[in-house]
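These notes are about the structure you will find just below.
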Amino acid sequence: MARVNILIAGVGGQGIITAGKMIAEAGNYSNTKVLIAETHGLAQRGGGVNIHVRIGDVNSPLIPLGKADYLVGLEATEVLRNLNYASRKHTTIIINNYVVRPVLPKVRLLSLQEVLDKLKGCKVYVIDANQIAINAGNIKAANAAILGFLYSLGAFEGLISEESFIKALKYESNIKAFKIAQVIKINGIDINGI
Amino acid sequence: MIELSTTKRVILGNEAIAFGALSAGVSIAAGYPGTPSTEIIETLMKYGKIYTEWSANEKVAFETAYGAAINGAFALTTMKHVGLNVAADPLMSSSYTGVEGALVIVSADDPSMWSSQNEQDNRYYGLHALIPVIEPHDPQSAHDLTIEAFKLSNKVKHPVILRSTTRIGHIRGPVELKPPSRPVLGKLIKDPKRYVLVPENARRNRVEQLKRWEKIEEEVEGLNELIDNDSENLIIASGISFGYVTDAMKELDIKANVLRLSTPVPIPKRLILKAVSNSKRVLIVEEGEPIVEYQIKDLLYDQGVRVELHGKDLVSRVGEMTLDKVYYAFSKFFGLDLVTEYLEVPQDVPPRPPALCPGCPHRSSFIDLKKAITMASFKPNETFISGDIGCYTLGLLPPFDAQDSSTDMGSSIGIANGVYRATGNIPIAVIGDSTFFHSGISALANAVYNQTPMLVLVLDNRSTAMTGQQPSPSKGIDIGEVAKGLGVKYVKYVDPFDVNSSIKELSNALKWVRENRQPAVVIAKRACALLVMDNVEENNLPKAIVDLEKCTGCSICYDYFTCPAIIPRKDKKAEIDNYTCIGCGACIPVCPFKAISLKGNKPEKWDELWLG
């Protein structure tokens, strides 16, 4: 059976753990094993958060270094902080076009372009998940947009069906964001494959 | 809503433990919140029709469950690893008396210290106290082994530790739930010869304890499993390491016999001897300390078995188990040439530590305190701020830099006692309301009767906020009255958002301590912003707005107040992120140019929620 490793990173409050829950539930509807490792506690207060999502024939919760099939940043710079889970050959990187300033005095923020410069030679997609979510009717659906985009890339092929996702996404705005993100891929709009 | 049917559900490991306890017949559950243990009691509160409580601290939680179990009930107590240190006193004695019903103690360990001050391996408590330790390897086994833990405890009439870790309690996976059983309550049992540990009784109990231990050594054999793959190599994998070993073997196409160890204390001696006797080489894979390794070496020496054995020489003792650690151990043990390609994390990624929430009242408390220190003519670099465990530990970060130590619950006041004795400098102990009741009170009593000059600043946010706004005794007991009752002569209350009067009160308190050479207590009282948010309509909140005409771009609001909802624009002027701003208004007095104001009306009961 196939095995897929997805690492989703971002900032506490962006719905990253919820994204994990949605994948896990969708997996359950498709009768596919999904393990999600969540980091709670301190991290939920504006700090960096990540979840390890392992789908298929898996028994342990954490992705080994360099072995993420997909590295997703709901916030752009958080992709860099988790870069050691990616390899140039193997990993597809998906970046939400959104940068959040750390709550520390006088920190210099990296721009999206600077983030992209550091990823030269990698397979990178940039997506405006926040805008998709707003278009879908709820800014909180950015995580669902990312899932839709991952789906259209074939991340869940043979493992989790679209119907299962729609059941797991529950809310109309989530489902809408999931679908818009897929269409965007098909039409090739708003995407910069670098 | 999780229904208690037998179909597969995707749930958190901690939820799996809670449902396992319900299936085993738990009737009393008491805990103190602490990551990564909190969701166990939360789940029982939500779904169980049994008595559950958040206790004032882990010792009380333990004693509550123990008191129920010695009277025949099936009881559960939960805490994080360091919490078991607080409960260590009754833990040791409970092993002497045993129990009548069942007592399961969940110790949620946190290797890699995701939200903890150390990564102690609590399987040691099993060896130390002679209490068996059961260790699951995934959410399903967390559920099933919780049931086994209750069965074992009831069968041998002895407490049992269920040891989970962050990656058991906080992973989400499919779990087949067993239906709940009728809660097993107790019936009064009076047996002072067993439960009164005067030396005469304790000596007899000690003999009984060792007899029970022999029985336990027999009983644990069946909880472990040898997977025979007809190999000369044996891998012994304890707890979560079993999952990693399974995946690494598949990934690297390795053939070995595997012993899945669910009882690291005591080890199943017969099973291990059988497995080792059929092997030429043995690798022990365990997270944390070499607890299984020590016991196996001891056993093999006694039995005269010589075999090539590896453990902590190949598996790191630092941090949590990972596949990379197992790959490394396998590469050495099996002589494989493994190269992993991965990208380096760039050096210049700005740090993103957790921060005090938008609307957190105690961001203001720290700012008020620092101003008061100067106003009272204390020298900031000669004033030790003794911190404690909670959200406010984040006061260690810039721009506050207001924690010189923070080691354990209640440590602020305790350490302040010593700081004064060693240096003669008057320290400031900063402690939360829940922490105050947890173990601050006894340290404050110490300061009063030993006449130790210190300012105790209680940051009272009406809850145990860090772990998710669990209720704290502060809701029912007035901290100022407690302090007065202990003999503190100077007790004041401040509202941290009322900046000028807070600074003045804190400064007066510091001066009073200097003159009177004894402790003073100031309580900064305002509720946790998340607790307030739970009780208002979220899209009906006032919002801060910045008058860009008045804003000079001085950066005080975002660089020195650092509310996450205040964002610098390209021209350095401030703007408010409407999505994160909750309209608390704490930033208004911070702006020297009066550029920030509130727009919108206060929701119903707004002031009451913050100050009640």
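All residue names refer to the structure tokens as shown: chains lettered A, B, ... in order, residues numbered from 1 in each chain, ligands numbered from 1 in order.
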Please build the interface table for chain A against chain B with a cut-off of 8 Å, listing for each qualifying residue the nearest atom pair and the distance in Å to one decimal; count only C-alpha atoms, order rows by chain and increasing number, and write it as a tab-separated table.
```
residue	atom	partner	partner_atom	distance
A:Lys21	CA	B:Arg172	CA	7.7
A:Ala24	CA	B:Val10	CA	6.5
A:Glu25	CA	B:Val10	CA	6.2
A:Asn28	CA	B:Val10	CA	6.8
A:Lys33	CA	B:Pro174	CA	6.7
A:Val34	CA	B:Gly173	CA	5.9
A:Leu35	CA	B:Gly173	CA	4.8
A:Ile36	CA	B:Arg172	CA	5.0
A:Ala37	CA	B:Ile171	CA	4.4
A:Glu38	CA	B:His170	CA	5.7
A:Thr39	CA	B:His170	CA	7.1
A:His40	CA	B:Thr35	CA	7.5
A:Gly41	CA	B:Ser115	CA	5.7
A:Leu42	CA	B:Ser115	CA	5.7
A:Ala43	CA	B:Pro354	CA	5.6
A:Gln44	CA	B:Pro354	CA	7.1
A:Arg45	CA	B:Pro354	CA	4.9
A:Gly46	CA	B:Pro354	CA	5.0
A:Gly47	CA	B:Pro354	CA	3.8
A:Gly48	CA	B:Arg352	CA	5.9
A:Val58	CA	B:Asp247	CA	6.5
A:Asn59	CA	B:Gly243	CA	4.7
A:Ser60	CA	B:Gly243	CA	4.6
A:Pro61	CA	B:Arg167	CA	7.1
A:Leu62	CA	B:Thr322	CA	6.4
A:Ile63	CA	B:Leu323	CA	7.3
A:Pro64	CA	B:Leu323	CA	5.5
A:Leu65	CA	B:Tyr342	CA	6.2
A:Gly66	CA	B:Tyr342	CA	4.1
A:Lys67	CA	B:Tyr342	CA	7.8
A:Thr77	CA	B:Val349	CA	7.0
A:Leu80	CA	B:Val345	CA	6.0
A:Arg81	CA	B:Val345	CA	5.8
A:Asn82	CA	B:Val345	CA	6.7
A:Leu83	CA	B:Val345	CA	5.3
A:Asn84	CA	B:Leu343	CA	4.8
A:Tyr85	CA	B:Tyr342	CA	6.5
A:Ala86	CA	B:Tyr342	CA	5.6
A:Ser87	CA	B:Tyr342	CA	4.4
A:Arg88	CA	B:Leu343	CA	7.0
A:Arg101	CA	B:Ile567	CA	7.9
A:Pro102	CA	B:Arg352	CA	5.1
A:Val103	CA	B:Pro564	CA	5.7
A:Leu104	CA	B:Pro398	CA	6.5
A:Pro105	CA	B:Asp559	CA	4.2
A:Lys106	CA	B:Asp559	CA	6.2
A:Val107	CA	B:Pro350	CA	6.8
A:Arg108	CA	B:Pro350	CA	7.1
A:Leu109	CA	B:Pro350	CA	6.9
A:Leu110	CA	B:Val349	CA	7.5
A:Lys118	CA	B:Pro346	CA	7.8
```
Please return as an MDAnalysis selection string: the residues of stretch 280-374 of chain B that backbone DSSP assigns to helix (DSSP H, G or I). chainID B and resid 291:302 323:333 361:374
List every residue of stretch 71-306 of chain B that DSSP, applied to the backbone of this structure, places in strand (DSSP E), and write the result as a compact mmCIF listing (two decimals) with all heavy atoms, in the first residue's frame.
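The file below, states.txt, is the result:
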```txt
# COMPACT_ATOMS: atom_id res chain seq x y z
N PHE B 74 -12.96 2.14 41.05
CA PHE B 74 -11.99 2.17 39.94
C PHE B 74 -11.68 3.65 39.69
O PHE B 74 -12.55 4.40 39.26
CB PHE B 74 -12.59 1.52 38.68
CG PHE B 74 -12.46 0.02 38.67
CD1 PHE B 74 -12.42 -0.71 39.85
CD2 PHE B 74 -12.37 -0.68 37.46
CE1 PHE B 74 -12.29 -2.10 39.84
CE2 PHE B 74 -12.25 -2.06 37.43
CZ PHE B 74 -12.21 -2.77 38.63
N ALA B 75 -10.44 4.05 39.96
CA ALA B 75 -10.10 5.47 39.93
C ALA B 75 -8.93 5.75 39.01
O ALA B 75 -8.06 4.90 38.80
CB ALA B 75 -9.77 5.95 41.34
N LEU B 76 -8.95 6.97 38.46
CA LEU B 76 -7.91 7.39 37.52
C LEU B 76 -7.37 8.73 37.96
O LEU B 76 -8.14 9.61 38.39
CB LEU B 76 -8.53 7.54 36.12
CG LEU B 76 -7.61 8.01 34.98
CD1 LEU B 76 -6.73 6.86 34.51
CD2 LEU B 76 -8.43 8.52 33.81
N THR B 77 -6.05 8.91 37.89
CA THR B 77 -5.50 10.24 38.12
C THR B 77 -4.53 10.56 36.98
O THR B 77 -3.81 9.67 36.51
CB THR B 77 -4.85 10.38 39.51
OG1 THR B 77 -4.35 11.70 39.66
CG2 THR B 77 -3.71 9.38 39.72
N THR B 78 -4.57 11.79 36.48
CA THR B 78 -3.75 12.14 35.32
C THR B 78 -2.92 13.39 35.60
O THR B 78 -3.35 14.28 36.32
CB THR B 78 -4.61 12.43 34.07
OG1 THR B 78 -5.24 13.70 34.24
CG2 THR B 78 -5.65 11.37 33.84
N MET B 79 -1.74 13.41 35.03
CA MET B 79 -0.85 14.55 35.19
C MET B 79 0.27 14.46 34.17
O MET B 79 0.47 13.40 33.57
CB MET B 79 -0.26 14.57 36.61
CG MET B 79 0.44 13.30 37.01
SD MET B 79 0.47 13.02 38.80
CE MET B 79 -1.23 12.71 39.20
N LYS B 80 0.99 15.56 33.98
CA LYS B 80 2.16 15.47 33.12
C LYS B 80 3.32 14.90 33.93
O LYS B 80 3.22 14.79 35.16
CB LYS B 80 2.48 16.82 32.47
CG LYS B 80 2.96 17.90 33.41
CD LYS B 80 3.18 19.20 32.66
CE LYS B 80 4.31 19.06 31.65
NZ LYS B 80 4.47 20.27 30.83
N ALA B 102 -9.28 -0.23 41.87
CA ALA B 102 -8.19 -0.11 40.90
C ALA B 102 -7.73 1.34 40.89
O ALA B 102 -8.55 2.26 41.00
CB ALA B 102 -8.66 -0.51 39.50
N LEU B 103 -6.43 1.54 40.78
CA LEU B 103 -5.88 2.89 40.67
C LEU B 103 -4.92 2.94 39.49
O LEU B 103 -3.90 2.25 39.48
CB LEU B 103 -5.13 3.28 41.95
CG LEU B 103 -4.42 4.65 41.91
CD1 LEU B 103 -5.41 5.80 41.69
CD2 LEU B 103 -3.62 4.88 43.19
N VAL B 104 -5.30 3.73 38.48
CA VAL B 104 -4.42 3.92 37.33
C VAL B 104 -3.94 5.36 37.32
O VAL B 104 -4.73 6.30 37.40
CB VAL B 104 -5.13 3.56 36.01
CG1 VAL B 104 -4.26 3.91 34.80
CG2 VAL B 104 -5.48 2.07 35.99
N ILE B 105 -2.61 5.50 37.26
CA ILE B 105 -1.97 6.81 37.30
C ILE B 105 -1.42 7.09 35.91
O ILE B 105 -0.54 6.37 35.44
CB ILE B 105 -0.79 6.80 38.30
CG1 ILE B 105 -1.28 6.34 39.69
CG2 ILE B 105 -0.10 8.15 38.36
CD1 ILE B 105 -0.32 5.38 40.37
N VAL B 106 -1.96 8.10 35.22
CA VAL B 106 -1.40 8.42 33.91
C VAL B 106 -0.30 9.45 34.09
O VAL B 106 -0.52 10.54 34.62
CB VAL B 106 -2.47 8.98 32.95
CG1 VAL B 106 -1.81 9.35 31.61
CG2 VAL B 106 -3.57 7.97 32.71
N SER B 107 0.89 9.08 33.64
CA SER B 107 2.00 10.03 33.60
C SER B 107 2.26 10.34 32.13
O SER B 107 2.66 9.48 31.36
CB SER B 107 3.24 9.39 34.22
OG SER B 107 4.38 10.16 33.88
N ALA B 108 1.99 11.58 31.72
CA ALA B 108 2.19 11.97 30.32
C ALA B 108 3.55 12.64 30.18
O ALA B 108 3.72 13.80 30.54
CB ALA B 108 1.07 12.91 29.88
N ASP B 109 4.51 11.87 29.69
CA ASP B 109 5.87 12.38 29.59
C ASP B 109 6.03 13.21 28.31
O ASP B 109 5.26 13.07 27.37
CB ASP B 109 6.87 11.23 29.59
CG ASP B 109 6.88 10.46 30.92
OD1 ASP B 109 6.02 10.74 31.78
OD2 ASP B 109 7.75 9.59 31.09
N VAL B 133 4.66 -0.30 35.14
CA VAL B 133 4.46 0.76 34.15
C VAL B 133 4.03 0.12 32.84
O VAL B 133 4.70 -0.77 32.32
CB VAL B 133 5.76 1.55 33.91
CG1 VAL B 133 5.53 2.66 32.87
CG2 VAL B 133 6.29 2.15 35.21
N ILE B 134 2.90 0.58 32.33
CA ILE B 134 2.40 0.09 31.05
C ILE B 134 2.57 1.21 30.03
O ILE B 134 2.25 2.36 30.29
CB ILE B 134 0.91 -0.33 31.17
CG1 ILE B 134 0.81 -1.54 32.11
CG2 ILE B 134 0.32 -0.63 29.81
CD1 ILE B 134 -0.56 -2.14 32.22
N VAL B 160 -1.17 1.11 39.26
CA VAL B 160 -0.49 0.87 37.98
C VAL B 160 -0.26 2.23 37.31
O VAL B 160 -1.15 3.08 37.29
CB VAL B 160 -1.35 -0.03 37.06
CG1 VAL B 160 -0.75 -0.11 35.66
CG2 VAL B 160 -1.49 -1.43 37.64
N ILE B 161 0.94 2.42 36.77
CA ILE B 161 1.23 3.65 36.01
C ILE B 161 1.02 3.37 34.53
O ILE B 161 1.55 2.39 34.00
CB ILE B 161 2.68 4.13 36.24
CG1 ILE B 161 2.87 4.58 37.70
CG2 ILE B 161 3.03 5.28 35.29
CD1 ILE B 161 4.31 4.91 38.07
N LEU B 162 0.22 4.21 33.87
CA LEU B 162 0.13 4.18 32.42
C LEU B 162 0.97 5.34 31.92
O LEU B 162 0.64 6.50 32.17
CB LEU B 162 -1.32 4.34 31.95
CG LEU B 162 -1.49 4.25 30.43
CD1 LEU B 162 -1.56 2.80 29.98
CD2 LEU B 162 -2.76 4.97 29.98
N ARG B 163 2.07 5.02 31.26
CA ARG B 163 2.98 6.09 30.83
C ARG B 163 2.75 6.39 29.35
O ARG B 163 2.96 5.54 28.48
CB ARG B 163 4.42 5.65 31.05
CG ARG B 163 5.44 6.74 30.78
CD ARG B 163 6.34 6.39 29.64
NE ARG B 163 7.43 7.36 29.52
CZ ARG B 163 8.37 7.30 28.59
NH1 ARG B 163 8.41 6.32 27.74
NH2 ARG B 163 9.30 8.23 28.52
N SER B 164 2.28 7.60 29.07
CA SER B 164 2.18 8.01 27.68
C SER B 164 3.25 9.06 27.41
O SER B 164 3.93 9.51 28.33
CB SER B 164 0.79 8.59 27.38
OG SER B 164 0.71 9.91 27.86
N THR B 165 3.39 9.43 26.15
CA THR B 165 4.29 10.53 25.80
C THR B 165 3.52 11.46 24.87
O THR B 165 2.41 11.14 24.43
CB THR B 165 5.54 10.03 25.06
OG1 THR B 165 5.11 9.36 23.88
CG2 THR B 165 6.36 9.08 25.91
N ILE B 171 -1.24 12.32 19.28
CA ILE B 171 -1.42 11.93 17.88
C ILE B 171 -2.86 11.49 17.69
O ILE B 171 -3.52 11.02 18.61
CB ILE B 171 -0.44 10.86 17.36
CG1 ILE B 171 -0.51 9.58 18.16
CG2 ILE B 171 0.98 11.40 17.31
CD1 ILE B 171 0.33 8.49 17.55
N ARG B 172 -3.30 11.71 16.47
CA ARG B 172 -4.67 11.41 16.12
C ARG B 172 -4.63 10.24 15.15
O ARG B 172 -3.86 10.25 14.20
CB ARG B 172 -5.23 12.65 15.42
CG ARG B 172 -6.71 12.79 15.39
CD ARG B 172 -7.08 14.15 14.80
NE ARG B 172 -6.79 15.23 15.73
CZ ARG B 172 -7.61 15.60 16.71
NH1 ARG B 172 -8.76 14.99 16.87
NH2 ARG B 172 -7.28 16.59 17.51
N GLY B 173 -5.40 9.24 15.43
CA GLY B 173 -5.41 8.08 14.54
C GLY B 173 -6.67 7.28 14.75
O GLY B 173 -7.48 7.57 15.64
N PRO B 174 -6.88 6.25 13.91
CA PRO B 174 -8.11 5.46 14.02
C PRO B 174 -8.07 4.57 15.27
O PRO B 174 -7.06 3.94 15.55
CB PRO B 174 -8.09 4.61 12.75
CG PRO B 174 -6.67 4.57 12.31
CD PRO B 174 -6.01 5.82 12.81
N VAL B 175 -9.17 4.57 16.00
CA VAL B 175 -9.27 3.76 17.21
C VAL B 175 -10.62 3.06 17.24
O VAL B 175 -11.65 3.69 17.02
CB VAL B 175 -9.12 4.61 18.49
CG1 VAL B 175 -9.25 3.75 19.74
CG2 VAL B 175 -7.79 5.35 18.51
N GLU B 176 -10.57 1.77 17.48
CA GLU B 176 -11.81 1.03 17.67
C GLU B 176 -12.14 1.07 19.15
O GLU B 176 -11.41 0.53 19.97
CB GLU B 176 -11.59 -0.41 17.21
CG GLU B 176 -12.79 -0.99 16.54
CD GLU B 176 -12.39 -2.16 15.66
OE1 GLU B 176 -11.77 -1.94 14.59
OE2 GLU B 176 -12.67 -3.29 16.07
N GLU B 225 4.44 -9.07 23.49
CA GLU B 225 4.31 -9.99 22.37
C GLU B 225 5.64 -10.16 21.63
O GLU B 225 6.33 -9.18 21.36
CB GLU B 225 3.26 -9.43 21.38
CG GLU B 225 2.95 -10.37 20.24
CD GLU B 225 2.15 -9.68 19.13
OE1 GLU B 225 1.99 -8.45 19.16
OE2 GLU B 225 1.70 -10.39 18.22
N LEU B 226 5.96 -11.42 21.32
CA LEU B 226 7.16 -11.69 20.52
C LEU B 226 6.72 -12.00 19.10
O LEU B 226 5.95 -12.93 18.86
CB LEU B 226 7.92 -12.88 21.12
CG LEU B 226 9.16 -13.33 20.33
CD1 LEU B 226 10.22 -12.24 20.29
CD2 LEU B 226 9.75 -14.61 20.93
N ILE B 227 7.21 -11.20 18.17
CA ILE B 227 6.89 -11.44 16.76
C ILE B 227 8.09 -12.17 16.15
O ILE B 227 9.17 -11.58 15.99
CB ILE B 227 6.60 -10.11 16.02
CG1 ILE B 227 5.43 -9.40 16.71
CG2 ILE B 227 6.30 -10.34 14.55
CD1 ILE B 227 5.43 -7.91 16.53
N ASN B 233 18.57 -12.11 14.72
CA ASN B 233 18.60 -10.78 15.33
C ASN B 233 17.29 -10.49 16.05
O ASN B 233 16.21 -10.80 15.53
CB ASN B 233 18.81 -9.71 14.26
CG ASN B 233 20.15 -9.86 13.58
OD1 ASN B 233 21.18 -9.98 14.26
ND2 ASN B 233 20.15 -9.88 12.26
N LEU B 234 17.40 -9.91 17.22
CA LEU B 234 16.21 -9.58 18.01
C LEU B 234 16.19 -8.07 18.30
O LEU B 234 17.20 -7.50 18.74
CB LEU B 234 16.22 -10.35 19.33
CG LEU B 234 15.15 -9.96 20.36
CD1 LEU B 234 13.75 -10.36 19.89
CD2 LEU B 234 15.44 -10.59 21.72
N ILE B 235 15.05 -7.46 18.04
CA ILE B 235 14.89 -6.06 18.41
C ILE B 235 13.82 -5.99 19.51
O ILE B 235 12.72 -6.52 19.34
CB ILE B 235 14.45 -5.19 17.21
CG1 ILE B 235 15.52 -5.28 16.11
CG2 ILE B 235 14.24 -3.75 17.63
CD1 ILE B 235 15.06 -4.73 14.79
N ILE B 236 14.20 -5.38 20.63
CA ILE B 236 13.23 -5.19 21.71
C ILE B 236 12.82 -3.73 21.68
O ILE B 236 13.65 -2.84 21.83
CB ILE B 236 13.85 -5.57 23.07
CG1 ILE B 236 14.24 -7.06 23.05
CG2 ILE B 236 12.88 -5.29 24.21
CD1 ILE B 236 15.01 -7.53 24.27
N ALA B 237 11.52 -3.48 21.43
CA ALA B 237 11.05 -2.11 21.24
C ALA B 237 10.00 -1.77 22.29
O ALA B 237 8.96 -2.40 22.37
CB ALA B 237 10.47 -1.95 19.85
N SER B 238 10.30 -0.77 23.09
CA SER B 238 9.41 -0.39 24.19
C SER B 238 8.48 0.75 23.76
O SER B 238 8.93 1.73 23.15
CB SER B 238 10.27 0.05 25.38
OG SER B 238 9.45 0.38 26.47
N ASN B 257 13.55 -10.62 14.53
CA ASN B 257 12.46 -10.88 15.47
C ASN B 257 12.23 -9.60 16.27
O ASN B 257 13.19 -8.89 16.56
CB ASN B 257 12.82 -12.02 16.42
CG ASN B 257 13.05 -13.32 15.67
OD1 ASN B 257 12.65 -13.44 14.50
ND2 ASN B 257 13.68 -14.29 16.32
N VAL B 258 10.97 -9.35 16.60
CA VAL B 258 10.68 -8.12 17.35
C VAL B 258 9.90 -8.45 18.60
O VAL B 258 8.89 -9.17 18.55
CB VAL B 258 9.86 -7.12 16.50
CG1 VAL B 258 9.59 -5.85 17.28
CG2 VAL B 258 10.59 -6.79 15.20
N LEU B 259 10.37 -7.94 19.73
CA LEU B 259 9.61 -8.10 20.96
C LEU B 259 8.94 -6.76 21.26
O LEU B 259 9.61 -5.77 21.51
CB LEU B 259 10.53 -8.54 22.10
CG LEU B 259 9.84 -9.16 23.31
CD1 LEU B 259 10.79 -10.05 24.06
CD2 LEU B 259 9.23 -8.16 24.25
N ARG B 260 7.61 -6.75 21.15
CA ARG B 260 6.86 -5.52 21.48
C ARG B 260 6.68 -5.48 22.99
O ARG B 260 6.01 -6.31 23.58
CB ARG B 260 5.49 -5.52 20.80
CG ARG B 260 4.62 -4.35 21.24
CD ARG B 260 3.26 -4.35 20.57
NE ARG B 260 2.48 -5.55 20.80
CZ ARG B 260 1.91 -5.87 21.96
NH1 ARG B 260 2.02 -5.09 23.00
NH2 ARG B 260 1.21 -6.99 22.07
N LEU B 261 7.32 -4.49 23.59
CA LEU B 261 7.32 -4.40 25.04
C LEU B 261 6.32 -3.34 25.49
O LEU B 261 6.49 -2.16 25.23
CB LEU B 261 8.74 -4.02 25.50
CG LEU B 261 9.08 -4.28 26.95
CD1 LEU B 261 9.07 -5.77 27.24
CD2 LEU B 261 10.46 -3.71 27.28
N ARG B 281 22.16 -11.70 18.38
CA ARG B 281 22.41 -10.28 18.62
C ARG B 281 21.10 -9.60 19.01
O ARG B 281 20.04 -9.93 18.47
CB ARG B 281 23.01 -9.61 17.38
CG ARG B 281 24.31 -10.29 16.94
CD ARG B 281 24.75 -9.80 15.58
NE ARG B 281 25.29 -8.46 15.65
CZ ARG B 281 24.83 -7.44 14.96
NH1 ARG B 281 23.82 -7.58 14.14
NH2 ARG B 281 25.38 -6.25 15.08
N VAL B 282 21.20 -8.66 19.93
CA VAL B 282 19.99 -7.99 20.44
C VAL B 282 20.17 -6.48 20.38
O VAL B 282 21.23 -5.95 20.72
CB VAL B 282 19.71 -8.41 21.91
CG1 VAL B 282 18.46 -7.72 22.44
CG2 VAL B 282 19.58 -9.92 22.03
N LEU B 283 19.11 -5.79 19.92
CA LEU B 283 19.11 -4.32 19.92
C LEU B 283 17.88 -3.86 20.70
O LEU B 283 16.75 -4.25 20.38
CB LEU B 283 19.05 -3.78 18.49
CG LEU B 283 18.82 -2.27 18.33
CD1 LEU B 283 20.00 -1.47 18.89
CD2 LEU B 283 18.60 -1.91 16.86
N ILE B 284 18.11 -3.04 21.73
CA ILE B 284 16.99 -2.51 22.50
C ILE B 284 16.72 -1.08 22.03
O ILE B 284 17.61 -0.23 22.07
CB ILE B 284 17.31 -2.50 24.01
CG1 ILE B 284 17.56 -3.93 24.50
CG2 ILE B 284 16.18 -1.86 24.82
CD1 ILE B 284 18.23 -4.00 25.84
N VAL B 285 15.50 -0.84 21.53
CA VAL B 285 15.15 0.50 21.08
C VAL B 285 14.14 1.08 22.07
O VAL B 285 13.01 0.61 22.15
CB VAL B 285 14.56 0.49 19.65
CG1 VAL B 285 14.30 1.91 19.17
CG2 VAL B 285 15.50 -0.22 18.69
```
List the neighbours of A:Asn138 out to 12 Å using only C-alpha atoms; skip same-chain residues closer than 4 positions along the sequence, and give me the result as a compact mmCIF listing (two decimals) with N, CA and C atoms, in the first residue's frame.
```
# COMPACT_ATOMS: atom_id res chain seq x y z
N ALA A 129 -4.12 31.22 -0.59
CA ALA A 129 -5.17 30.47 0.10
C ALA A 129 -6.10 31.40 0.87
N ASN A 130 -5.55 32.48 1.41
CA ASN A 130 -6.41 33.41 2.17
C ASN A 130 -7.47 34.01 1.26
N GLN A 131 -7.05 34.40 0.03
CA GLN A 131 -8.01 35.00 -0.90
C GLN A 131 -9.05 33.98 -1.32
N ILE A 132 -8.62 32.76 -1.56
CA ILE A 132 -9.58 31.70 -1.92
C ILE A 132 -10.60 31.53 -0.80
N ALA A 133 -10.10 31.56 0.44
CA ALA A 133 -10.99 31.39 1.59
C ALA A 133 -11.98 32.54 1.67
N ILE A 134 -11.49 33.75 1.43
CA ILE A 134 -12.39 34.92 1.46
C ILE A 134 -13.44 34.76 0.36
N ALA A 142 -8.91 28.91 4.81
CA ALA A 142 -7.64 28.84 4.08
C ALA A 142 -7.05 27.44 4.15
N ASN A 143 -7.22 26.79 5.31
CA ASN A 143 -6.68 25.42 5.43
C ASN A 143 -7.40 24.46 4.48
N ALA A 144 -8.70 24.66 4.30
CA ALA A 144 -9.45 23.79 3.39
C ALA A 144 -9.00 24.04 1.94
N ALA A 145 -8.67 25.31 1.63
CA ALA A 145 -8.17 25.62 0.29
C ALA A 145 -6.87 24.87 0.02
N TYR A 171 -18.33 22.17 6.64
CA TYR A 171 -18.97 23.47 6.42
C TYR A 171 -18.93 23.86 4.96
N GLU A 172 -19.94 24.62 4.56
CA GLU A 172 -20.08 25.01 3.17
C GLU A 172 -18.86 25.81 2.69
N SER A 173 -18.39 26.74 3.54
CA SER A 173 -17.26 27.57 3.11
C SER A 173 -16.00 26.72 2.92
N ASN A 174 -15.83 25.71 3.77
CA ASN A 174 -14.69 24.81 3.62
C ASN A 174 -14.76 24.06 2.29
N ILE A 175 -15.94 23.53 2.00
CA ILE A 175 -16.11 22.75 0.77
C ILE A 175 -15.89 23.63 -0.45
N LYS A 176 -16.42 24.86 -0.35
CA LYS A 176 -16.26 25.80 -1.46
C LYS A 176 -14.78 26.11 -1.68
N ALA A 177 -14.06 26.39 -0.60
CA ALA A 177 -12.63 26.72 -0.71
C ALA A 177 -11.87 25.53 -1.29
N TYR B 579 -8.66 41.03 12.41
CA TYR B 579 -8.96 39.62 12.61
C TYR B 579 -8.51 39.16 14.00
```
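In this structure, atom CA of B:Leu84 sits 20.4 Å away from atom CA of B:Pro473.
Taking atom CA of B:Ser442 and atom CA of B:Ile40 as endpoints, the distance between them is 28.4 Å.
Counting only C-alpha atoms and comparing A:Ile180, A:Ala68, A:Ile55, A:Val79, the residue that lies closest to A:Leu147 is A:Ile180.
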Skip stretch 518-533 of chain B itself and residues of its chain fewer than 6 positions away, then list as a ChimeraX atom specification all residues within 9 Å of it, counting only C-alpha atoms. /B:357-362,365,433,444,447-448,450-465,468-469,479-480,483,488-497,502,505-506,509-510,512,582,584,606,609-612
Give me the residues near A:Met22 as a ChimeraX atom specification, where near means some atom within 8 Å (using only C-alpha atoms) and where sequence neighbours in that chain fewer than 2 positions away do not count. /A:18-20,24-26,165,168-169
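Nearest residue to B:Asn500, choosing from B:Pro264, B:Pro589, B:Gly239, B:Gly25 and counting only C-alpha atoms: B:Pro589.
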